[in-house]
file entry-v3.cif (mmCIF, C-alpha atoms)
data_structure
#
loop_
_atom_site.group_PDB
_atom_site.id
_atom_site.type_symbol
_atom_site.label_atom_id
_atom_site.label_comp_id
_atom_site.auth_asym_id
_atom_site.auth_seq_id
_atom_site.Cartn_x
_atom_site.Cartn_y
_atom_site.Cartn_z
ATOM 1 C CA MET A 54 -4.576 -20.937 8.431
ATOM 2 C CA ALA A 55 -3.952 -22.781 11.655
ATOM 3 C CA ASP A 56 -6.333 -22.047 14.516
ATOM 4 C CA ASP A 57 -3.534 -20.947 16.849
ATOM 5 C CA LYS A 58 -2.192 -18.270 14.523
ATOM 6 C CA THR A 59 -2.750 -14.612 15.306
ATOM 7 C CA PHE A 60 -1.986 -11.465 13.349
ATOM 8 C CA ASP A 61 1.057 -9.644 14.721
ATOM 9 C CA PRO A 62 0.233 -5.919 15.197
ATOM 10 C CA THR A 63 3.676 -5.004 13.855
ATOM 11 C CA LEU A 64 2.913 -6.831 10.611
ATOM 12 C CA LEU A 65 -0.536 -5.241 10.452
ATOM 13 C CA ARG A 66 0.908 -1.727 10.866
ATOM 14 C CA THR A 67 3.427 -2.349 8.093
ATOM 15 C CA PHE A 68 0.768 -3.800 5.792
ATOM 16 C CA LEU A 69 -1.551 -0.855 6.475
ATOM 17 C CA ALA A 70 1.212 1.640 5.659
ATOM 18 C CA VAL A 71 1.697 -0.103 2.294
ATOM 19 C CA ALA A 72 -2.069 -0.287 1.707
ATOM 20 C CA ASN A 73 -2.613 3.404 2.480
ATOM 21 C CA GLY A 74 0.121 4.672 0.167
ATOM 22 C CA LEU A 75 0.243 1.782 -2.319
ATOM 23 C CA SER A 76 4.011 2.001 -2.107
ATOM 24 C CA PHE A 77 6.612 -0.137 -0.333
ATOM 25 C CA THR A 78 9.100 2.727 -0.554
ATOM 26 C CA ARG A 79 6.822 5.293 1.111
ATOM 27 C CA ALA A 80 5.811 2.759 3.762
ATOM 28 C CA ALA A 81 9.465 2.127 4.581
ATOM 29 C CA GLU A 82 10.114 5.875 4.901
ATOM 30 C CA GLN A 83 7.023 6.386 7.052
ATOM 31 C CA LEU A 84 7.855 3.538 9.415
ATOM 32 C CA GLY A 85 11.620 4.059 9.524
ATOM 33 C CA LEU A 86 12.255 0.562 8.155
ATOM 34 C CA SER A 87 14.238 -0.772 5.229
ATOM 35 C CA GLN A 88 12.262 -1.726 2.133
ATOM 36 C CA PRO A 89 13.298 -5.414 2.419
ATOM 37 C CA THR A 90 11.947 -5.429 5.986
ATOM 38 C CA VAL A 91 8.622 -4.001 4.778
ATOM 39 C CA SER A 92 8.443 -6.698 2.095
ATOM 40 C CA GLN A 93 9.268 -9.369 4.668
ATOM 41 C CA HIS A 94 6.521 -8.142 7.006
ATOM 42 C CA VAL A 95 3.953 -8.283 4.204
ATOM 43 C CA ARG A 96 5.031 -11.809 3.217
ATOM 44 C CA ARG A 97 4.780 -12.960 6.843
ATOM 45 C CA LEU A 98 1.275 -11.538 7.113
ATOM 46 C CA GLU A 99 0.297 -13.244 3.856
ATOM 47 C CA ASP A 100 1.674 -16.507 5.240
ATOM 48 C CA ALA A 101 -0.351 -16.054 8.416
ATOM 49 C CA ALA A 102 -3.492 -15.278 6.433
ATOM 50 C CA GLY A 103 -2.873 -17.986 3.870
ATOM 51 C CA ARG A 104 -3.908 -15.538 1.145
ATOM 52 C CA GLN A 105 -2.242 -13.119 -1.258
ATOM 53 C CA LEU A 106 -2.894 -9.614 -0.004
ATOM 54 C CA ILE A 107 -0.876 -7.425 -2.373
ATOM 55 C CA GLN A 108 -0.227 -7.566 -6.105
ATOM 56 C CA ARG A 109 3.072 -5.971 -7.038
ATOM 57 C CA ASP A 110 4.947 -5.515 -10.305
ATOM 58 C CA THR A 111 7.670 -3.164 -11.508
ATOM 59 C CA ARG A 112 5.185 -0.324 -12.049
ATOM 60 C CA SER A 113 2.457 -0.512 -9.455
ATOM 61 C CA VAL A 114 1.217 -1.885 -6.153
ATOM 62 C CA SER A 115 -2.428 -2.832 -5.604
ATOM 63 C CA LEU A 116 -4.526 -4.697 -3.052
ATOM 64 C CA THR A 117 -6.242 -7.963 -3.856
ATOM 65 C CA ASP A 118 -9.816 -8.516 -2.667
ATOM 66 C CA ASN A 119 -8.328 -10.311 0.338
ATOM 67 C CA GLY A 120 -5.978 -7.383 0.836
ATOM 68 C CA GLU A 121 -8.907 -4.936 0.943
ATOM 69 C CA ALA A 122 -10.553 -7.154 3.555
ATOM 70 C CA MET A 123 -7.334 -7.390 5.572
ATOM 71 C CA ALA A 124 -6.952 -3.585 5.509
ATOM 72 C CA GLY A 125 -10.363 -3.247 7.123
ATOM 73 C CA PHE A 126 -9.565 -5.872 9.742
ATOM 74 C CA ALA A 127 -6.148 -4.295 10.383
ATOM 75 C CA ARG A 128 -7.680 -0.891 11.073
ATOM 76 C CA THR A 129 -10.176 -2.430 13.483
ATOM 77 C CA ILE A 130 -7.562 -4.543 15.283
ATOM 78 C CA LEU A 131 -5.038 -1.716 15.604
ATOM 79 C CA ALA A 132 -7.702 0.754 16.698
ATOM 80 C CA SER A 133 -8.737 -1.657 19.457
ATOM 81 C CA ILE A 134 -5.132 -2.070 20.584
ATOM 82 C CA ASP A 135 -4.577 1.689 20.564
ATOM 83 C CA GLU A 136 -7.819 2.202 22.469
ATOM 84 C CA ALA A 137 -6.725 -0.282 25.129
ATOM 85 C CA VAL A 138 -3.320 1.368 25.470
ATOM 86 C CA SER A 139 -4.923 4.805 25.634
ATOM 87 C CA TYR A 140 -7.415 3.659 28.250
ATOM 88 C CA PHE A 141 -4.694 2.531 30.637
ATOM 89 C CA THR A 142 -2.111 5.209 29.871
ATOM 90 C CA GLY A 143 -4.012 8.202 28.554
ATOM 91 C CA SER A 144 -5.988 9.366 31.550
ATOM 92 C CA ALA A 145 -3.035 11.350 32.873
ATOM 93 C CA MET A 146 -2.521 13.157 29.541
ATOM 94 C CA ARG A 147 -3.767 16.711 29.709
ATOM 95 C CA GLY A 148 -3.434 20.047 27.994
ATOM 96 C CA ARG A 149 -4.763 21.767 24.887
ATOM 97 C CA LEU A 150 -4.748 20.365 21.344
ATOM 98 C CA ARG A 151 -5.524 22.769 18.517
ATOM 99 C CA PHE A 152 -6.559 20.604 15.577
ATOM 100 C CA GLY A 153 -7.441 21.697 12.046
ATOM 101 C CA ALA A 154 -9.047 19.650 9.260
ATOM 102 C CA ALA A 155 -9.911 20.324 5.633
ATOM 103 C CA ASP A 156 -13.697 20.446 5.465
ATOM 104 C CA GLU A 157 -14.224 17.449 3.151
ATOM 105 C CA LEU A 158 -12.119 15.367 5.541
ATOM 106 C CA ALA A 159 -14.141 16.523 8.539
ATOM 107 C CA VAL A 160 -17.699 15.663 7.494
ATOM 108 C CA SER A 161 -17.802 11.849 7.629
ATOM 109 C CA GLU A 162 -15.689 9.532 9.808
ATOM 110 C CA LEU A 163 -13.639 12.201 11.564
ATOM 111 C CA PRO A 164 -16.388 13.255 14.037
ATOM 112 C CA THR A 165 -16.492 9.685 15.364
ATOM 113 C CA ILE A 166 -12.711 9.667 15.810
ATOM 114 C CA LEU A 167 -12.798 12.998 17.648
ATOM 115 C CA ARG A 168 -15.638 11.852 19.901
ATOM 116 C CA GLU A 169 -13.744 8.680 20.832
ATOM 117 C CA PHE A 170 -10.548 10.682 21.334
ATOM 118 C CA ARG A 171 -12.363 13.008 23.741
ATOM 119 C CA GLN A 172 -13.666 10.004 25.684
ATOM 120 C CA LEU A 173 -10.194 8.471 25.951
ATOM 121 C CA TYR A 174 -8.469 11.754 26.819
ATOM 122 C CA PRO A 175 -11.046 13.770 28.783
ATOM 123 C CA ARG A 176 -8.375 16.064 30.231
ATOM 124 C CA ILE A 177 -7.286 17.295 26.821
ATOM 125 C CA ASN A 178 -9.092 20.420 25.672
ATOM 126 C CA LEU A 179 -9.627 19.814 21.941
ATOM 127 C CA GLU A 180 -10.090 22.918 19.774
ATOM 128 C CA LEU A 181 -11.262 22.221 16.209
ATOM 129 C CA THR A 182 -10.810 24.420 13.126
ATOM 130 C CA VAL A 183 -12.392 23.382 9.815
ATOM 131 C CA THR A 184 -11.377 25.301 6.699
ATOM 132 C CA GLN A 185 -9.376 24.949 3.496
ATOM 133 C CA SER A 186 -5.968 23.268 3.489
ATOM 134 C CA GLY A 187 -4.011 26.379 2.497
ATOM 135 C CA THR A 188 -5.453 28.335 5.404
ATOM 136 C CA LEU A 189 -4.646 25.494 7.806
ATOM 137 C CA LEU A 190 -1.013 25.405 6.649
ATOM 138 C CA ARG A 191 -0.668 29.141 7.235
ATOM 139 C CA ARG A 192 -2.200 28.858 10.715
ATOM 140 C CA LEU A 193 0.110 25.954 11.567
ATOM 141 C CA ALA A 194 3.155 27.962 10.435
ATOM 142 C CA SER A 195 2.066 30.906 12.608
ATOM 143 C CA ASN A 196 1.786 28.571 15.639
ATOM 144 C CA HIS A 197 -2.010 28.826 15.894
ATOM 145 C CA LEU A 198 -2.546 25.055 15.373
ATOM 146 C CA ASP A 199 -0.835 21.928 16.704
ATOM 147 C CA LEU A 200 -1.917 19.342 14.102
ATOM 148 C CA ILE A 201 -3.678 19.606 10.744
ATOM 149 C CA PHE A 202 -5.316 17.049 8.451
ATOM 150 C CA ILE A 203 -5.103 18.378 4.899
ATOM 151 C CA ASN A 204 -5.285 17.653 1.205
ATOM 152 C CA GLN A 205 -2.126 18.388 -0.739
ATOM 153 C CA GLU A 206 -0.399 17.643 -4.021
ATOM 154 C CA ALA A 207 0.932 14.084 -4.213
ATOM 155 C CA ASP A 208 4.624 13.616 -3.408
ATOM 156 C CA SER A 209 4.752 16.871 -1.463
ATOM 157 C CA HIS A 210 6.854 15.086 1.196
ATOM 158 C CA ARG A 211 5.161 17.155 3.868
ATOM 159 C CA GLY A 212 3.844 15.549 7.026
ATOM 160 C CA GLN A 213 2.611 11.980 7.509
ATOM 161 C CA LEU A 214 0.816 10.314 4.614
ATOM 162 C CA VAL A 215 -2.632 8.964 5.502
ATOM 163 C CA ARG A 216 -3.840 8.111 2.019
ATOM 164 C CA ARG A 217 -2.997 8.750 -1.608
ATOM 165 C CA ASP A 218 -5.807 9.186 -4.116
ATOM 166 C CA ARG A 219 -6.587 10.670 -7.522
ATOM 167 C CA LEU A 220 -8.618 13.770 -8.254
ATOM 168 C CA VAL A 221 -11.567 13.113 -10.567
ATOM 169 C CA TRP A 222 -14.253 15.145 -12.306
ATOM 170 C CA VAL A 223 -17.626 14.670 -10.619
ATOM 171 C CA GLY A 224 -21.176 15.447 -11.713
ATOM 172 C CA LEU A 225 -24.687 14.145 -12.229
ATOM 173 C CA ASP A 226 -25.173 10.989 -14.262
ATOM 174 C CA ARG A 227 -27.170 12.990 -16.836
ATOM 175 C CA THR A 228 -24.399 15.584 -17.261
ATOM 176 C CA GLN A 229 -23.646 16.557 -20.846
ATOM 177 C CA ILE A 230 -20.674 18.741 -21.872
ATOM 178 C CA GLU A 231 -20.113 19.577 -25.522
ATOM 179 C CA PRO A 232 -16.404 19.536 -26.450
ATOM 180 C CA ALA A 233 -16.658 22.988 -28.050
ATOM 181 C CA HIS A 234 -18.393 24.539 -25.039
ATOM 182 C CA PRO A 235 -16.726 25.827 -21.849
ATOM 183 C CA VAL A 236 -16.549 23.325 -18.990
ATOM 184 C CA PRO A 237 -18.854 24.537 -16.161
ATOM 185 C CA LEU A 238 -17.021 24.316 -12.835
ATOM 186 C CA VAL A 239 -18.181 24.272 -9.241
ATOM 187 C CA THR A 240 -15.124 24.914 -7.102
ATOM 188 C CA TYR A 241 -13.547 26.605 -4.125
ATOM 189 C CA PRO A 242 -12.452 30.229 -4.505
ATOM 190 C CA ALA A 243 -8.759 30.925 -5.020
ATOM 191 C CA PRO A 244 -6.361 30.085 -3.518
ATOM 192 C CA SER A 245 -7.240 26.388 -3.723
ATOM 193 C CA TRP A 246 -4.924 23.582 -4.811
ATOM 194 C CA SER A 247 -7.717 21.435 -6.293
ATOM 195 C CA ARG A 248 -9.050 24.445 -8.202
ATOM 196 C CA ASP A 249 -5.577 25.249 -9.553
ATOM 197 C CA ALA A 250 -5.071 21.593 -10.546
ATOM 198 C CA ALA A 251 -8.358 21.542 -12.456
ATOM 199 C CA LEU A 252 -7.745 24.838 -14.264
ATOM 200 C CA SER A 253 -4.177 23.852 -15.180
ATOM 201 C CA ALA A 254 -5.383 20.524 -16.581
ATOM 202 C CA LEU A 255 -8.037 22.241 -18.696
ATOM 203 C CA GLU A 256 -5.666 24.923 -19.947
ATOM 204 C CA ASN A 257 -3.002 22.339 -20.844
ATOM 205 C CA ALA A 258 -5.667 20.440 -22.796
ATOM 206 C CA HIS A 259 -6.733 23.696 -24.510
ATOM 207 C CA ARG A 260 -10.239 23.463 -23.038
ATOM 208 C CA THR A 261 -12.174 26.575 -22.147
ATOM 209 C CA TRP A 262 -13.960 26.791 -18.800
ATOM 210 C CA ARG A 263 -16.194 29.020 -16.697
ATOM 211 C CA ILE A 264 -16.760 29.120 -12.947
ATOM 212 C CA THR A 265 -20.498 28.615 -12.363
ATOM 213 C CA CYS A 266 -20.290 28.504 -8.567
ATOM 214 C CA ASN A 267 -17.694 29.497 -5.963
ATOM 215 C CA THR A 268 -18.188 28.131 -2.449
ATOM 216 C CA ARG A 269 -15.916 27.770 0.572
ATOM 217 C CA GLU A 270 -17.439 24.574 1.991
ATOM 218 C CA ILE A 271 -17.707 20.995 0.743
ATOM 219 C CA ASN A 272 -21.456 20.992 1.418
ATOM 220 C CA GLY A 273 -21.768 23.925 -0.960
ATOM 221 C CA ILE A 274 -19.688 22.081 -3.586
ATOM 222 C CA LEU A 275 -21.932 19.015 -3.309
ATOM 223 C CA ALA A 276 -25.178 21.020 -3.291
ATOM 224 C CA ALA A 277 -24.243 22.976 -6.421
ATOM 225 C CA THR A 278 -23.067 19.832 -8.218
ATOM 226 C CA ARG A 279 -26.272 17.969 -7.307
ATOM 227 C CA ALA A 280 -28.284 20.943 -8.581
ATOM 228 C CA GLY A 281 -26.592 20.577 -11.975
ATOM 229 C CA LEU A 282 -24.825 23.940 -11.843
ATOM 230 C CA GLY A 283 -21.619 22.338 -13.105
ATOM 231 C CA ILE A 284 -19.041 19.667 -12.396
ATOM 232 C CA SER A 285 -16.686 19.607 -9.425
ATOM 233 C CA ILE A 286 -13.351 18.039 -8.431
ATOM 234 C CA LEU A 287 -13.067 15.472 -5.638
ATOM 235 C CA ALA A 288 -10.761 12.694 -4.533
ATOM 236 C CA GLN A 289 -11.912 9.477 -6.181
ATOM 237 C CA SER A 290 -12.582 7.736 -2.853
ATOM 238 C CA ARG A 291 -14.778 10.638 -1.695
ATOM 239 C CA VAL A 292 -17.299 10.645 -4.560
ATOM 240 C CA PRO A 293 -20.816 10.303 -3.052
ATOM 241 C CA PRO A 294 -22.959 7.442 -4.369
ATOM 242 C CA ASP A 295 -25.510 9.848 -5.887
ATOM 243 C CA LEU A 296 -22.869 11.524 -8.084
ATOM 244 C CA ARG A 297 -20.731 10.078 -10.866
ATOM 245 C CA ASN A 298 -17.035 10.012 -11.670
ATOM 246 C CA LEU A 299 -16.941 11.746 -15.057
ATOM 247 C CA SER A 300 -13.214 11.343 -15.691
ATOM 248 C CA GLY A 301 -12.618 9.893 -19.152
ATOM 249 C CA ARG A 302 -15.861 11.393 -20.495
ATOM 250 C CA PHE A 303 -16.437 14.536 -22.575
ATOM 251 C CA ASP A 304 -12.699 14.728 -23.410
ATOM 252 C CA LEU A 305 -12.023 15.949 -19.883
ATOM 253 C CA PRO A 306 -8.263 15.887 -19.182
ATOM 254 C CA PRO A 307 -6.785 13.630 -16.466
ATOM 255 C CA LEU A 308 -6.204 15.180 -13.056
ATOM 256 C CA PRO A 309 -3.212 14.687 -10.720
ATOM 257 C CA ASP A 310 -2.973 12.539 -7.610
ATOM 258 C CA ILE A 311 -3.755 13.980 -4.206
ATOM 259 C CA GLU A 312 -2.516 13.129 -0.721
ATOM 260 C CA MET A 313 -4.372 13.287 2.560
ATOM 261 C CA ALA A 314 -1.725 14.046 5.147
ATOM 262 C CA LEU A 315 -1.208 14.959 8.790
ATOM 263 C CA VAL A 316 1.196 17.820 9.482
ATOM 264 C CA ALA A 317 2.299 18.473 13.061
ATOM 265 C CA ASN A 318 3.615 21.651 14.610
ATOM 266 C CA PRO A 319 7.165 20.893 15.869
ATOM 267 C CA ARG A 320 6.671 23.433 18.672
ATOM 268 C CA SER A 321 3.650 21.597 20.120
ATOM 269 C CA ALA A 322 3.555 18.970 22.889
ATOM 270 C CA ARG A 323 4.088 15.549 21.301
ATOM 271 C CA GLY A 324 1.806 13.417 23.489
ATOM 272 C CA PRO A 325 -1.630 14.731 22.420
ATOM 273 C CA VAL A 326 -0.485 15.295 18.832
ATOM 274 C CA ASP A 327 0.849 11.751 18.459
ATOM 275 C CA ALA A 328 -2.266 10.218 20.055
ATOM 276 C CA LEU A 329 -4.674 11.947 17.659
ATOM 277 C CA ALA A 330 -2.392 11.353 14.656
ATOM 278 C CA LYS A 331 -2.348 7.620 15.416
ATOM 279 C CA ALA A 332 -6.150 7.500 15.596
ATOM 280 C CA ILE A 333 -6.526 9.292 12.262
ATOM 281 C CA THR A 334 -3.865 7.172 10.528
ATOM 282 C CA ASN A 335 -6.062 4.118 11.146
ATOM 283 C CA LEU A 336 -9.127 5.949 9.806
ATOM 284 C CA PRO A 337 -10.805 4.273 6.773
ATOM 285 C CA LEU A 338 -11.861 7.053 4.393
ATOM 286 C CA THR A 339 -15.227 6.444 2.702
ATOM 287 C CA PRO A 340 -17.362 8.364 0.198
ATOM 288 C CA LEU A 341 -19.088 11.539 1.302
ATOM 289 C CA ARG A 342 -22.704 11.012 2.295
ATOM 290 C CA PRO A 343 -25.571 12.047 -0.019
#

call {"tool": "encode", "arguments": {"input": "entry-v3.cif", "output": "structure tokens"}}
result
Amino acid sequence: MADDKTFDPTLLRTFLAVANGLSFTRAAEQLGLSQPTVSQHVRRLEDAAGRQLIQRDTRSVSLTDNGEAMAGFARTILASIDEAVSYFTGSAMRGRLRFGAADELAVSELPTILREFRQLYPRINLELTVTQSGTLLRRLASNHLDLIFINQEADSHRGQLVRRDRLVWVGLDRTQIEPAHPVPLVTYPAPSWSRDAALSALENAHRTWRITCNTREINGILAATRAGLGISILAQSRVPPDLRNLSGRFDLPPLPDIEMALVANPRSARGPVDALAKAITNLPLTPLRP
């Protein structure tokens, strides 16, 4: 790569949209661009980097090792640009922003984002609600929230996609489940989409199950799983390093994909909502802490 080359933020935003959803089609829809334009942006970024960033065939899209590195750099670069813009334009923004987040999305990187957002927009009164996704959707519909960050079934076509992932079975490395015995589950109480997905998968596979622990918070899910009370269901990218992905073991059935998405209230003021949504879209999601 020539020394005088720089990475165009427009190309970085397009690449990041593809990287987050692993889909050129969804990236085009999200950005309001044609699919050929998205492909052209990615090729131009690859030319600038001098490396292949994305592997693509007729069935799937994946990031190369260089693509994973570029995604990290892109988030950092775009966050810095957004921070600069917010610094010089955001001080006049004021008002109230009622924000809701699913609890497993609120316990790692999100506090840092919210702290930085508060520093950039000190005149915005940020009100935070942390609970399950279904509850957040109901509160948004009843006009009690302005923006929510939720987990939902893949291809729901609701809100702005932040990341697509796969649900996996999670437990201790020493976990043993006999095929003829009920699967012990640690899960949220009903109604819960991840719970329903797990039970449907087991029932379709003709596996029996029993709920060994019901808890409303992700910390309770993790504590019960670490105590060996049963196995739980998490997004693959959120599995803590002290627990194991058990999918493919013990004849456990495959689980569906999940989306992490931002859903805005159309009745709310756009400025604060758009500013926080942009910050979260650039958020790299990492495993939950031990």

call {"tool": "resolve_selection", "arguments": {"input": "entry-v3.cif", "expression": "the PyMOL selection byres ((chain A and resi 292-306) around 10)", "output": "PyMOL selection string"}}
result
chain A and resi 220-232+236+251+253-260+275+278-279+284-291+307-309+339-343

call {"tool": "write_last_selection", "arguments": {"input": "entry-v3.cif", "atoms": "C-alpha atoms", "output": "short mmCIF file (atom, residue, chain, number, x, y, z; two decimals), keeping the file's coordinate frame"}}
result
data_model
loop_
_atom_site.label_atom_id
_atom_site.label_comp_id
_atom_site.auth_asym_id
_atom_site.auth_seq_id
_atom_site.Cartn_x
_atom_site.Cartn_y
_atom_site.Cartn_z
CA LEU A 220 -8.62 13.77 -8.25
CA VAL A 221 -11.57 13.11 -10.57
CA TRP A 222 -14.25 15.14 -12.31
CA VAL A 223 -17.63 14.67 -10.62
CA GLY A 224 -21.18 15.45 -11.71
CA LEU A 225 -24.69 14.14 -12.23
CA ASP A 226 -25.17 10.99 -14.26
CA ARG A 227 -27.17 12.99 -16.84
CA THR A 228 -24.40 15.58 -17.26
CA GLN A 229 -23.65 16.56 -20.85
CA ILE A 230 -20.67 18.74 -21.87
CA GLU A 231 -20.11 19.58 -25.52
CA PRO A 232 -16.40 19.54 -26.45
CA VAL A 236 -16.55 23.32 -18.99
CA ALA A 251 -8.36 21.54 -12.46
CA SER A 253 -4.18 23.85 -15.18
CA ALA A 254 -5.38 20.52 -16.58
CA LEU A 255 -8.04 22.24 -18.70
CA GLU A 256 -5.67 24.92 -19.95
CA ASN A 257 -3.00 22.34 -20.84
CA ALA A 258 -5.67 20.44 -22.80
CA HIS A 259 -6.73 23.70 -24.51
CA ARG A 260 -10.24 23.46 -23.04
CA LEU A 275 -21.93 19.02 -3.31
CA THR A 278 -23.07 19.83 -8.22
CA ARG A 279 -26.27 17.97 -7.31
CA ILE A 284 -19.04 19.67 -12.40
CA SER A 285 -16.69 19.61 -9.43
CA ILE A 286 -13.35 18.04 -8.43
CA LEU A 287 -13.07 15.47 -5.64
CA ALA A 288 -10.76 12.69 -4.53
CA GLN A 289 -11.91 9.48 -6.18
CA SER A 290 -12.58 7.74 -2.85
CA ARG A 291 -14.78 10.64 -1.70
CA PRO A 307 -6.78 13.63 -16.47
CA LEU A 308 -6.20 15.18 -13.06
CA PRO A 309 -3.21 14.69 -10.72
CA THR A 339 -15.23 6.44 2.70
CA PRO A 340 -17.36 8.36 0.20
CA LEU A 341 -19.09 11.54 1.30
CA ARG A 342 -22.70 11.01 2.30
CA PRO A 343 -25.57 12.05 -0.02
#

call {"tool": "resolve_selection", "arguments": {"input": "entry-v3.cif", "expression": "the PyMOL selection byres ((chain A and resi 182-195) around 9)", "output": "ChimeraX atom specification"}}
result
/A:151-157,159,180-181,196-205,241,244-246,269-270,316-318

call {"tool": "closest_residue", "arguments": {"input": "entry-v3.cif", "among": "A:Thr165, A:Leu75, A:Asp218, A:Ile130", "to": "Asp110 in chain A", "atoms": "all atoms listed in the file"}}
result
A:Leu75

call {"tool": "atom_distance", "arguments": {"input": "entry-v3.cif", "atom1": "CA of Gln213 in chain A", "atom2": "CA of Lys331 in chain A"}}
result
10.3 Å

call {"tool": "closest_residue", "arguments": {"input": "entry-v3.cif", "among": "A:Asp310, A:Gly324, A:Leu282, A:Ala277", "to": "Ala250 in chain A", "atoms": "all atoms listed in the file"}}
result
A:Asp310

call {"tool": "resolve_selection", "arguments": {"input": "entry-v3.cif", "expression": "the PyMOL selection byres ((chain A and resi 263-267) around 6)", "output": "PyMOL selection string"}}
result
chain A and resi 237-242+262+268

call {"tool": "axis_aligned_box", "arguments": {"input": "entry-v3.cif", "around": "range 119-129 of chain A", "padding_each_side": "6 Å", "output": "lines of an AutoDock Vina configuration file"}}
result
center_x = -8.3
center_y = -5.6
center_z = 6.9
size_x = 16.6
size_y = 21.4
size_z = 25.1

call {"tool": "closest_residue", "arguments": {"input": "entry-v3.cif", "among": "A:Ser76, A:Leu106, A:Gly273, A:Leu131", "to": "Gln88 in chain A", "atoms": "only C-alpha atoms"}}
result
A:Ser76

call {"tool": "closest_residue", "arguments": {"input": "entry-v3.cif", "among": "A:His210, A:Arg97, A:Arg112, A:Arg323", "to": "Thr63 in chain A", "atoms": "all atoms listed in the file"}}
result
A:Arg97

call {"tool": "atom_distance", "arguments": {"input": "entry-v3.cif", "atom1": "CA of Glu162 in chain A", "atom2": "CA of Val95 in chain A"}}
result
27.1 Å

call {"tool": "closest_residue", "arguments": {"input": "entry-v3.cif", "among": "A:Ile107, A:Leu214, A:Met123, A:Leu173", "to": "Val138 in chain A", "atoms": "all atoms listed in the file"}}
result
A:Leu173

call {"tool": "residues_around", "arguments": {"input": "entry-v3.cif", "residues": "Arg104 in chain A", "least_positions_apart": "6", "cutoff": "10 Å", "atoms": "all atoms listed in the file", "output": "PDB file with C-alpha atoms, in the frame of the given file"}}
result
ATOM      1  CA  MET A  54      -4.576 -20.937   8.431  1.00  0.00           C
ATOM      2  CA  ARG A  96       5.031 -11.809   3.217  1.00  0.00           C
ATOM      3  CA  LEU A  98       1.275 -11.538   7.113  1.00  0.00           C
ATOM      4  CA  THR A 117      -6.242  -7.963  -3.856  1.00  0.00           C
ATOM      5  CA  ASP A 118      -9.816  -8.516  -2.667  1.00  0.00           C
ATOM      6  CA  ASN A 119      -8.328 -10.311   0.338  1.00  0.00           C
ATOM      7  CA  GLY A 120      -5.978  -7.383   0.836  1.00  0.00           C
ATOM      8  CA  MET A 123      -7.334  -7.390   5.572  1.00  0.00           C
TER       9      MET A 123
END

call {"tool": "closest_residue", "arguments": {"input": "entry-v3.cif", "among": "A:Asn272, A:Leu116, A:Ile311, A:Glu82", "to": "Val160 in chain A", "atoms": "only C-alpha atoms"}}
result
A:Asn272

call {"tool": "atom_distance", "arguments": {"input": "entry-v3.cif", "atom1": "CA of Glu99 in chain A", "atom2": "CA of Arg216 in chain A"}}
result
21.8 Å
